[in-house]
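Peer 1: Take this structure first; my questions come after.
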Amino acid sequence: MVQERQQERPPLPSLDMSWKTQTIQWGTRAPVHKDGGLTLEAINTGAYAEIPDYWEDRTRMPRGAFNPPGSSGVAIGGYYLRHKSDLWADNAAELYEEAISRRWSSAESIPWEKCRGLPDDVEMAIAQVSTELSQQASIEIEVVSSWLQQMSYGYHEVKVFLATENFDAGRHFEVFRKRALVNGGGLGLESPGQVNRMLLESRAGWTETSLLVHILRGVFTRTVYRYLAAYAPTEVEMLIGRRAAQDKTRHIAYAMQHIKYAVNHVPGQGRAFNAGLTQAELVAARDDADPVLWECLACIFGGGVRGMDAGMKVVARLRRTYVEDYLQRLAWIGIDHRAALSPEYVRLLEA
Amino acid sequence: MVTANDPFATYKEYGKEQGYDLRWLERRDVWGQQLDSTAKKGGLLLQDVDSGVAAEVPDESRNLTGRTRGSIPRTGVPRVGNYSVRTKADIWLRNGAELYEEAVARQWASATDIPWHTIKPLPDDIERAECQLATFITEVEFVAGDVPGKWISAVTPDYYEPRMYLISQVMDEARHLDVFRKRALVNGGGLMRRTGNTQGVVGGNIDSARDFTEMSARLHISGEGSVLTLFRMGELMAYNDAEKHIYRLCAQDESRHVAFGVMHLQYLGSIETDRREEIQSYLDEAERALVTGASGQNPAARGLASNAALAVLLGGGDDKVDEGMKTLLAVRQRQVKEYVQRVRVAGFGERFENGRANPMLEQYLKVY
Ligand SMILES: [Fe+2]
Ligand SMILES: [Fe+2]
């Protein structure tokens with residue numbers, strides 16, 4: 001009986017110690033800083049700081065790990081973005097740490113009790129704007145998260161930064177949902193959907209998607225956040241607008257750095273993007289023809305339905321600010337888009 | 001026409017005269033219902049905000065335009081949602097919003113919440129083992145970032161609660177990837193060998209699952225379950241306060257990830273009883289992986305470099321690996337015990353009474 005039990009015992013693990021000497025660089029000591037601690041940037045030192053132009057490996061091998069001989073060619077599937085120019089941005093590591101150090105919570109960081117007692121029309125306008133902003137964040141989540149597994153492990157800084165963008169967008173989804181519901185305004189109409197479709201259907205590469213989701217849409221969303229903060233009826237909308245704009249600034253900063261890098265390294269890409277954006281603006285113009293978002297913003301800015309005429313002037317300024325900011329950021333990237341701007345966007349500039 | 005029960009009638013009258021559309025100015029079902037953000041500790045929580053149509057979670061979702069649950073559909077909006085998960089039971093759990101809010105409240109920063117200065121130079125054999133283990137963990141952590149990422153965009157926004165949880169998980173895993181990479185590079189060591197060809201590819205089977213529950217059983221119950229047990233026993237292999245903090249904080253996160261898997265299985269098993277056999281077959285696989293290490297996710301699995309590294313760390317040096325192996329067997333035994341407990345909580349414990357469970361599990365529990 002005892003004998004049998006012995007035989008059933010699973011074999012004892014064998015110990016392979018061959019890994020002990022397998023490292024491409026030993027003796028690395030990343031600096032820990034007094035205030036900032038140990039950052040993702042700081043560990044990019046020596047061999048570990050080398051970011052290759054092409055990442056051959058399609059497993060989860062960490063950059064700088066020792067790849068055992070005979071294991072090349074193994075692949076998980078996915079990880080199709082393998083050129084540095086497909087996704088890289090020098091500021092990704094820094095933005096990642098910034099996102100973490102500036103995290104906030106919609107549950108606890110917003111003084112919700114301070115948004116009571118607004119006029120009914122203003123409350124409804126806020127509920128509608130919140131519904132659309134919540135949906136914009138929801139679409140952003142779908143767009144960004146669907147690309148994660150395509151991104152090679154060799155560029156982990158970008159992957160982890162985008163994890164923070166997703167988390168930010170999740171927060172924007174729920175903070176605006178909470179705002180729509182906290183006073184009983186309720187969720188309003190869904191978005192018109194043309195830009196949403198364009199973002200989700202973009203498949204030429206992550207760079208194109210980033211251009212659309214971060215620059216075309218993202219710069220617009222950030223402008224709305226900032227105007228919402230500036231014309232906020234209460235401290236609640238002011239804080240939400242400010243903090244969401246701060247988050248959005250990071251997403252745009254990644255995109256600017258990345259797209260600049262991409263157009264500098266991929267011949268013809270800047271030209272293609274310049275033409276593509278004109279088309280994208282026409283799609284955006286279809287959404288913009290719908291009056292709901294503009295009326296609600298005008299109602300908030302003008303202090304009610306009776307102030308909407310005055311509010312519309314602020315809306316026109318918001319839209320002009322957006323197009324100016326959009327053009328400036330494209331110019332920084334290296335795309336001189338002014339001459340290719342769609343007639344619809346030109347009209348906004350002239351308004 | 002001013003009617004008594006339209007609170008917006010006078011606004012509408014004025015607005016229409018001015019040529020405004022005002023389609024948005026319609027009374028909603030929750031009109032006038034204020035939410036009290038002070039009622040509970042923790043502020044205004046996601047699990048407390050929905051009521052009326054916003055709270056109605058359909059068993060089958062027909063939302064293909066990406067609208068948020070409870071918002072009002074418009075005609076003429078293109079269908080863009082290529083959502084393969086549109087059946088509630090396929091993804092649902094009873095407290096997804098709670099798990100999300102808990103994740104938000106418990107975020108931490110690997111840069112500043114780990115007392116990195118407590119790491120002092122270690123003997124070479126220990127540092128090498130630390131670095132090998134950290135290399136392994138940084139490699140596997142983002143399995144749980146990439147794979148949930150893919151599923152987030154496959155889930156209809158009508159089931160936003162589990163989606164939000166998955167977003168928080170991707171964030172957690174980014175931090176785990178990063179904290180272990182930092183550990184490998186902070187103390188005079190470096191990254192070591194990636195998990196080799198003998199074990200196939202790390203997490204490959206988790207990536208390939210085409211059903212969410214199948215993926216979740218492999219990832220949350222089996223893979224992350226093993227990792228959670230190991231992190232919980234982190235005290236045994238930590239050589240300083242920094243490492244203790246890393247294991248403790250990661251374990252806190254992993255327990256949410258495992259809880260998601262358990263609670264999803266619990267929900268699915270109670271709603272779709274005709275899928276129970278199928279789920280049991282996923283658990284058969286999970287157990288095979290658990291006892292053989294075939295999942296590639298368990299650092300304590302035999303034959304992996306991380307297994308040997310653990311033996312060095314648990315024993316206290318290259319010359320004490322035999323002692324380390326004994327402790328490691330205790331780790332594996334606890335992994336099995338906790339796995340059994342999770343499956344029981346998920347409502348599939350009958351496999352341990354009716355002989356279906358992998359016989360090796362029982363041997364682990366009895367022999368060692
Ligand atoms: Fe993890
Ligand atoms: Fe996890």
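Labels used: A, B, ... for chains in the order of the structure tokens, numbers from 1 for residues in each chain, and numbers from 1 for ligands as shown.
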Within 10 Å of ligand 1 (counting only C-alpha atoms and all ligand atoms), which residues show up? I'd like them as a ChimeraX atom specification.
Peer 2: /B:137-138,140-145,169-177,223-224,227-228,231,250-255,257
Peer 1: Write the selection just made, keeping C-alpha atoms, as a tab-separated table (two decimals), in the first residue's frame?
Peer 2:
chain	number	residue	atom	x	y	z
B	137	ILE	CA	7.03	37.75	-14.59
B	138	THR	CA	7.51	40.83	-16.74
B	140	VAL	CA	3.84	36.96	-18.59
B	141	GLU	CA	2.19	39.97	-17.00
B	142	PHE	CA	0.99	41.59	-20.17
B	143	VAL	CA	-0.67	38.41	-21.42
B	144	ALA	CA	-3.38	39.78	-19.22
B	145	GLY	CA	-3.00	43.17	-20.90
B	169	GLN	CA	-7.11	45.02	-15.49
B	170	VAL	CA	-5.10	46.13	-18.52
B	171	MET	CA	-3.92	49.10	-16.45
B	172	ASP	CA	-2.96	46.83	-13.55
B	173	GLU	CA	-1.00	44.52	-15.82
B	174	ALA	CA	0.89	47.42	-17.37
B	175	ARG	CA	2.02	48.32	-13.86
B	176	HIS	CA	2.99	44.71	-13.13
B	177	LEU	CA	5.02	44.47	-16.33
B	223	GLY	CA	-3.05	31.43	-14.87
B	224	GLU	CA	-3.63	34.37	-12.59
B	227	VAL	CA	0.38	33.81	-9.84
B	228	LEU	CA	-1.83	35.15	-7.05
B	231	PHE	CA	2.50	36.64	-4.83
B	250	CYS	CA	0.51	42.92	-7.02
B	251	ALA	CA	-1.36	40.29	-5.00
B	252	GLN	CA	-4.01	42.88	-4.15
B	253	ASP	CA	-4.50	43.55	-7.87
B	254	GLU	CA	-4.40	39.88	-8.85
B	255	SER	CA	-7.07	39.02	-6.32
B	257	HIS	CA	-8.53	39.64	-11.49
Peer 1: Neighbouring residues of Glu101 in chain B were defined as those with any atom within 10 Å, considering only C-alpha atoms; residues of the same chain fewer than 3 positions away were excluded. Please report them as a list in words.
Peer 2: Ser105, Ser106 and Ala107 of chain A; Gly42, Leu44, Leu45, Leu46, Gln47, Gly96, Ala97, Glu98, Val104, Ala105, Arg106, Met164, Tyr165 and Ser168 of chain B
Peer 1: Okay, now the selection with N, CA and C atoms, as a PDB file, in the first residue's frame?
Peer 2:
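Contents of the output file out-v2.pdb:
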ATOM      1  N   SER A 105      -9.968  60.114  -9.365  1.00  0.00           N
ATOM      2  CA  SER A 105     -11.109  59.216  -9.263  1.00  0.00           C
ATOM      3  C   SER A 105     -12.387  60.030  -9.372  1.00  0.00           C
ATOM      4  N   SER A 106     -13.257  59.625 -10.279  1.00  0.00           N
ATOM      5  CA  SER A 106     -14.508  60.383 -10.427  1.00  0.00           C
ATOM      6  C   SER A 106     -15.373  60.228  -9.181  1.00  0.00           C
ATOM      7  N   ALA A 107     -15.215  59.103  -8.485  1.00  0.00           N
ATOM      8  CA  ALA A 107     -16.043  58.861  -7.297  1.00  0.00           C
ATOM      9  C   ALA A 107     -15.678  59.831  -6.181  1.00  0.00           C
TER      10      ALA A 107
ATOM     11  N   GLY B  42     -16.593  56.495  -0.001  1.00  0.00           N
ATOM     12  CA  GLY B  42     -16.050  56.229  -1.336  1.00  0.00           C
ATOM     13  C   GLY B  42     -16.660  57.108  -2.407  1.00  0.00           C
ATOM     14  N   LEU B  44     -19.352  58.924  -5.103  1.00  0.00           N
ATOM     15  CA  LEU B  44     -20.386  58.525  -6.063  1.00  0.00           C
ATOM     16  C   LEU B  44     -19.855  57.359  -6.896  1.00  0.00           C
ATOM     17  N   LEU B  45     -20.346  56.181  -6.598  1.00  0.00           N
ATOM     18  CA  LEU B  45     -19.787  54.966  -7.204  1.00  0.00           C
ATOM     19  C   LEU B  45     -20.608  54.507  -8.412  1.00  0.00           C
ATOM     20  N   LEU B  46     -19.889  53.944  -9.363  1.00  0.00           N
ATOM     21  CA  LEU B  46     -20.517  53.540 -10.619  1.00  0.00           C
ATOM     22  C   LEU B  46     -21.690  52.579 -10.390  1.00  0.00           C
ATOM     23  N   GLN B  47     -21.570  51.721  -9.400  1.00  0.00           N
ATOM     24  CA  GLN B  47     -22.633  50.734  -9.166  1.00  0.00           C
ATOM     25  C   GLN B  47     -23.916  51.377  -8.650  1.00  0.00           C
ATOM     26  N   GLY B  96     -19.418  43.759 -11.453  1.00  0.00           N
ATOM     27  CA  GLY B  96     -18.349  44.301 -12.302  1.00  0.00           C
ATOM     28  C   GLY B  96     -18.029  45.752 -11.970  1.00  0.00           C
ATOM     29  N   ALA B  97     -19.069  46.566 -11.739  1.00  0.00           N
ATOM     30  CA  ALA B  97     -18.837  47.986 -11.437  1.00  0.00           C
ATOM     31  C   ALA B  97     -18.101  48.139 -10.110  1.00  0.00           C
ATOM     32  N   GLU B  98     -18.434  47.301  -9.132  1.00  0.00           N
ATOM     33  CA  GLU B  98     -17.741  47.348  -7.830  1.00  0.00           C
ATOM     34  C   GLU B  98     -16.259  47.049  -8.010  1.00  0.00           C
ATOM     35  N   VAL B 104      -9.988  51.405  -9.185  1.00  0.00           N
ATOM     36  CA  VAL B 104      -9.671  52.839  -9.231  1.00  0.00           C
ATOM     37  C   VAL B 104      -9.137  53.296  -7.875  1.00  0.00           C
ATOM     38  N   ALA B 105      -9.819  52.860  -6.825  1.00  0.00           N
ATOM     39  CA  ALA B 105      -9.436  53.313  -5.484  1.00  0.00           C
ATOM     40  C   ALA B 105      -8.069  52.767  -5.068  1.00  0.00           C
ATOM     41  N   ARG B 106      -7.699  51.614  -5.627  1.00  0.00           N
ATOM     42  CA  ARG B 106      -6.459  50.975  -5.169  1.00  0.00           C
ATOM     43  C   ARG B 106      -5.310  51.043  -6.159  1.00  0.00           C
ATOM     44  N   MET B 164     -15.474  47.824 -18.210  1.00  0.00           N
ATOM     45  CA  MET B 164     -14.715  48.750 -17.371  1.00  0.00           C
ATOM     46  C   MET B 164     -13.744  47.993 -16.473  1.00  0.00           C
ATOM     47  N   TYR B 165     -14.223  46.845 -15.971  1.00  0.00           N
ATOM     48  CA  TYR B 165     -13.303  46.038 -15.165  1.00  0.00           C
ATOM     49  C   TYR B 165     -12.085  45.638 -16.011  1.00  0.00           C
ATOM     50  N   SER B 168      -9.553  48.251 -16.344  1.00  0.00           N
ATOM     51  CA  SER B 168      -8.738  48.412 -15.136  1.00  0.00           C
ATOM     52  C   SER B 168      -7.710  47.286 -15.047  1.00  0.00           C
TER      53      SER B 168
END
Peer 1: Using only C-alpha atoms, which of B:Arg181, B:Arg210, B:Arg23, B:His264 sits nearest Val345 in chain B?
Peer 2: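 Counting only C-alpha atoms, the residue closest to Val345 in chain B is B:His264.
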Peer 1: Which residue out of B:Thr118, B:Ala103, B:Ala54, B:Gln280 has the minimum interatomic distance to ligand 2 when only C-alpha atoms and all ligand atoms are used?
Peer 2: B:Ala103
Peer 1: Quick one: residues within 9 Å of range 288-293 of chain B, only C-alpha atoms, excluding same-chain residues fewer than 5 positions away - as a list in words?
Peer 2: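 After dropping sequence-adjacent residues, the list is Gln199, Ser222, Gly223, Ser226, Leu283, Asn298, Pro299, Ala300, Ala301, Arg302, Gly303, Leu304, Arg332, Gln335, Val336, Asn358, Met360, Leu361 and Tyr364 of chain B.
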Peer 1: Would you write out those residues with N, CA and C atoms, as a CSV table (one decimal), in the first residue's frame?
Peer 2:
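The result, stored in selection.csv:
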chain,number,residue,atom,x,y,z
B,199,GLN,N,9.0,25.1,-23.6
B,199,GLN,CA,7.6,25.2,-23.0
B,199,GLN,C,6.6,25.7,-24.0
B,222,SER,N,-7.1,29.9,-13.9
B,222,SER,CA,-5.9,29.1,-13.8
B,222,SER,C,-4.6,29.9,-13.8
B,223,GLY,N,-4.3,30.7,-14.8
B,223,GLY,CA,-3.1,31.4,-14.9
B,223,GLY,C,-2.9,32.4,-13.7
B,226,SER,N,-2.7,30.9,-10.1
B,226,SER,CA,-1.3,30.5,-9.7
B,226,SER,C,-0.4,31.6,-9.3
B,283,LEU,N,-12.2,23.5,-17.4
B,283,LEU,CA,-11.5,23.3,-16.2
B,283,LEU,C,-10.6,22.0,-16.2
B,298,ASN,N,2.6,29.7,-15.0
B,298,ASN,CA,2.9,29.4,-13.6
B,298,ASN,C,4.4,29.4,-13.4
B,299,PRO,N,4.9,30.4,-12.7
B,299,PRO,CA,6.4,30.5,-12.5
B,299,PRO,C,6.9,29.3,-11.7
B,300,ALA,N,6.0,28.7,-10.9
B,300,ALA,CA,6.5,27.6,-10.1
B,300,ALA,C,6.4,26.2,-10.8
B,301,ALA,N,6.1,26.3,-12.1
B,301,ALA,CA,5.9,25.0,-12.9
B,301,ALA,C,7.3,24.4,-13.1
B,302,ARG,N,7.3,23.1,-13.1
B,302,ARG,CA,8.6,22.4,-13.3
B,302,ARG,C,9.2,22.7,-14.7
B,303,GLY,N,10.5,22.7,-14.7
B,303,GLY,CA,11.2,22.8,-16.0
B,303,GLY,C,11.5,24.2,-16.5
B,304,LEU,N,10.8,25.1,-15.8
B,304,LEU,CA,11.0,26.5,-16.2
B,304,LEU,C,12.2,27.1,-15.4
B,332,ARG,N,3.3,25.1,-4.5
B,332,ARG,CA,2.4,24.4,-5.5
B,332,ARG,C,1.2,23.7,-4.8
B,335,GLN,N,-1.2,26.4,-4.3
B,335,GLN,CA,-1.8,26.8,-5.6
B,335,GLN,C,-3.0,25.9,-5.8
B,336,VAL,N,-2.8,24.6,-5.6
B,336,VAL,CA,-3.8,23.6,-5.9
B,336,VAL,C,-5.0,23.8,-4.9
B,358,ASN,N,-8.7,16.3,-12.0
B,358,ASN,CA,-7.4,15.7,-12.4
B,358,ASN,C,-6.9,15.0,-11.1
B,360,MET,N,-4.0,14.1,-10.3
B,360,MET,CA,-2.7,14.6,-9.8
B,360,MET,C,-3.0,15.7,-8.8
B,361,LEU,N,-4.1,16.4,-8.9
B,361,LEU,CA,-4.4,17.5,-7.9
B,361,LEU,C,-4.5,16.9,-6.5
B,364,TYR,N,-1.2,16.1,-5.1
B,364,TYR,CA,-0.5,17.2,-4.6
B,364,TYR,C,-1.0,17.5,-3.1
Peer 1: Residues of range 66-177 of chain B in helix (DSSP H, G or I) according to DSSP, as a ChimeraX atom specification?
Peer 2: /B:88-90,96-105,116-118,124-141,143-152,157-177
Peer 1: Which residues are close to Leu348 in chain A, i.e. within 8 Å by only C-alpha atoms, leaving aside same-chain residues fewer than 2 positions away? Reply as a list in words.
Peer 2: Ala316, Arg319, Arg320, Val323, Glu344, Tyr345, Val346, Glu350 and Ala351 of chain A
Peer 1: May I have the residues from that selection written out with all heavy atoms, as a PDB file, in the first residue's frame?
Peer 2:
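Once written, selection.pdb looks like this:
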ATOM      1  N   ALA A 316     -19.179  79.160 -31.732  1.00  0.00           N
ATOM      2  CA  ALA A 316     -18.413  79.467 -32.950  1.00  0.00           C
ATOM      3  C   ALA A 316     -16.935  79.671 -32.608  1.00  0.00           C
ATOM      4  O   ALA A 316     -16.044  79.214 -33.333  1.00  0.00           O
ATOM      5  CB  ALA A 316     -18.979  80.710 -33.632  1.00  0.00           C
ATOM      6  N   ARG A 319     -15.315  76.307 -31.942  1.00  0.00           N
ATOM      7  CA  ARG A 319     -15.029  75.545 -33.163  1.00  0.00           C
ATOM      8  C   ARG A 319     -13.848  76.149 -33.920  1.00  0.00           C
ATOM      9  O   ARG A 319     -13.051  75.421 -34.506  1.00  0.00           O
ATOM     10  CB  ARG A 319     -16.292  75.464 -34.033  1.00  0.00           C
ATOM     11  CG  ARG A 319     -17.421  74.735 -33.289  1.00  0.00           C
ATOM     12  CD  ARG A 319     -18.690  74.663 -34.086  1.00  0.00           C
ATOM     13  NE  ARG A 319     -18.561  73.729 -35.209  1.00  0.00           N
ATOM     14  CZ  ARG A 319     -19.531  73.530 -36.109  1.00  0.00           C
ATOM     15  NH1 ARG A 319     -20.668  74.188 -36.012  1.00  0.00           N
ATOM     16  NH2 ARG A 319     -19.360  72.670 -37.079  1.00  0.00           N
ATOM     17  N   ARG A 320     -13.733  77.466 -33.859  1.00  0.00           N
ATOM     18  CA  ARG A 320     -12.586  78.108 -34.506  1.00  0.00           C
ATOM     19  C   ARG A 320     -11.292  77.742 -33.759  1.00  0.00           C
ATOM     20  O   ARG A 320     -10.288  77.385 -34.354  1.00  0.00           O
ATOM     21  CB  ARG A 320     -12.780  79.621 -34.526  1.00  0.00           C
ATOM     22  CG  ARG A 320     -11.756  80.336 -35.409  1.00  0.00           C
ATOM     23  CD  ARG A 320     -12.033  81.828 -35.512  1.00  0.00           C
ATOM     24  NE  ARG A 320     -11.882  82.475 -34.217  1.00  0.00           N
ATOM     25  CZ  ARG A 320     -12.758  83.343 -33.693  1.00  0.00           C
ATOM     26  NH1 ARG A 320     -13.867  83.653 -34.343  1.00  0.00           N
ATOM     27  NH2 ARG A 320     -12.550  83.882 -32.515  1.00  0.00           N
ATOM     28  N   VAL A 323     -10.156  74.301 -34.781  1.00  0.00           N
ATOM     29  CA  VAL A 323      -9.501  74.184 -36.087  1.00  0.00           C
ATOM     30  C   VAL A 323      -8.102  74.811 -36.041  1.00  0.00           C
ATOM     31  O   VAL A 323      -7.143  74.260 -36.602  1.00  0.00           O
ATOM     32  CB  VAL A 323     -10.367  74.804 -37.213  1.00  0.00           C
ATOM     33  CG1 VAL A 323      -9.642  74.703 -38.556  1.00  0.00           C
ATOM     34  CG2 VAL A 323     -11.711  74.091 -37.299  1.00  0.00           C
ATOM     35  N   GLU A 344     -15.398  73.069 -45.289  1.00  0.00           N
ATOM     36  CA  GLU A 344     -16.190  73.126 -44.055  1.00  0.00           C
ATOM     37  C   GLU A 344     -15.335  73.654 -42.904  1.00  0.00           C
ATOM     38  O   GLU A 344     -15.801  74.456 -42.098  1.00  0.00           O
ATOM     39  CB  GLU A 344     -16.726  71.731 -43.695  1.00  0.00           C
ATOM     40  CG  GLU A 344     -17.920  71.275 -44.504  1.00  0.00           C
ATOM     41  CD  GLU A 344     -17.571  70.878 -45.935  1.00  0.00           C
ATOM     42  OE1 GLU A 344     -16.361  70.850 -46.292  1.00  0.00           O
ATOM     43  OE2 GLU A 344     -18.507  70.601 -46.705  1.00  0.00           O
ATOM     44  N   TYR A 345     -14.115  73.184 -42.823  1.00  0.00           N
ATOM     45  CA  TYR A 345     -13.238  73.630 -41.740  1.00  0.00           C
ATOM     46  C   TYR A 345     -12.766  75.070 -41.988  1.00  0.00           C
ATOM     47  O   TYR A 345     -12.583  75.827 -41.049  1.00  0.00           O
ATOM     48  CB  TYR A 345     -12.050  72.666 -41.581  1.00  0.00           C
ATOM     49  CG  TYR A 345     -12.336  71.501 -40.647  1.00  0.00           C
ATOM     50  CD1 TYR A 345     -13.566  70.840 -40.675  1.00  0.00           C
ATOM     51  CD2 TYR A 345     -11.393  71.062 -39.717  1.00  0.00           C
ATOM     52  CE1 TYR A 345     -13.832  69.779 -39.825  1.00  0.00           C
ATOM     53  CE2 TYR A 345     -11.647  69.997 -38.855  1.00  0.00           C
ATOM     54  CZ  TYR A 345     -12.866  69.363 -38.919  1.00  0.00           C
ATOM     55  OH  TYR A 345     -13.124  68.315 -38.067  1.00  0.00           O
ATOM     56  N   VAL A 346     -12.576  75.427 -43.260  1.00  0.00           N
ATOM     57  CA  VAL A 346     -12.196  76.808 -43.588  1.00  0.00           C
ATOM     58  C   VAL A 346     -13.291  77.752 -43.089  1.00  0.00           C
ATOM     59  O   VAL A 346     -13.007  78.790 -42.482  1.00  0.00           O
ATOM     60  CB  VAL A 346     -11.981  76.975 -45.112  1.00  0.00           C
ATOM     61  CG1 VAL A 346     -11.825  78.455 -45.472  1.00  0.00           C
ATOM     62  CG2 VAL A 346     -10.751  76.194 -45.567  1.00  0.00           C
ATOM     63  N   GLU A 350     -13.189  81.049 -40.435  1.00  0.00           N
ATOM     64  CA  GLU A 350     -13.583  82.408 -40.817  1.00  0.00           C
ATOM     65  C   GLU A 350     -14.754  82.930 -40.003  1.00  0.00           C
ATOM     66  O   GLU A 350     -15.067  84.118 -40.052  1.00  0.00           O
ATOM     67  CB  GLU A 350     -13.923  82.444 -42.314  1.00  0.00           C
ATOM     68  CG  GLU A 350     -12.674  82.288 -43.188  1.00  0.00           C
ATOM     69  CD  GLU A 350     -12.993  81.915 -44.619  1.00  0.00           C
ATOM     70  OE1 GLU A 350     -14.174  81.656 -44.929  1.00  0.00           O
ATOM     71  OE2 GLU A 350     -12.046  81.868 -45.430  1.00  0.00           O
ATOM     72  N   ALA A 351     -15.392  82.033 -39.271  1.00  0.00           N
ATOM     73  CA  ALA A 351     -16.609  82.435 -38.532  1.00  0.00           C
ATOM     74  C   ALA A 351     -16.303  83.514 -37.493  1.00  0.00           C
ATOM     75  O   ALA A 351     -15.286  83.472 -36.841  1.00  0.00           O
ATOM     76  CB  ALA A 351     -17.220  81.229 -37.855  1.00  0.00           C
TER      77      ALA A 351
END
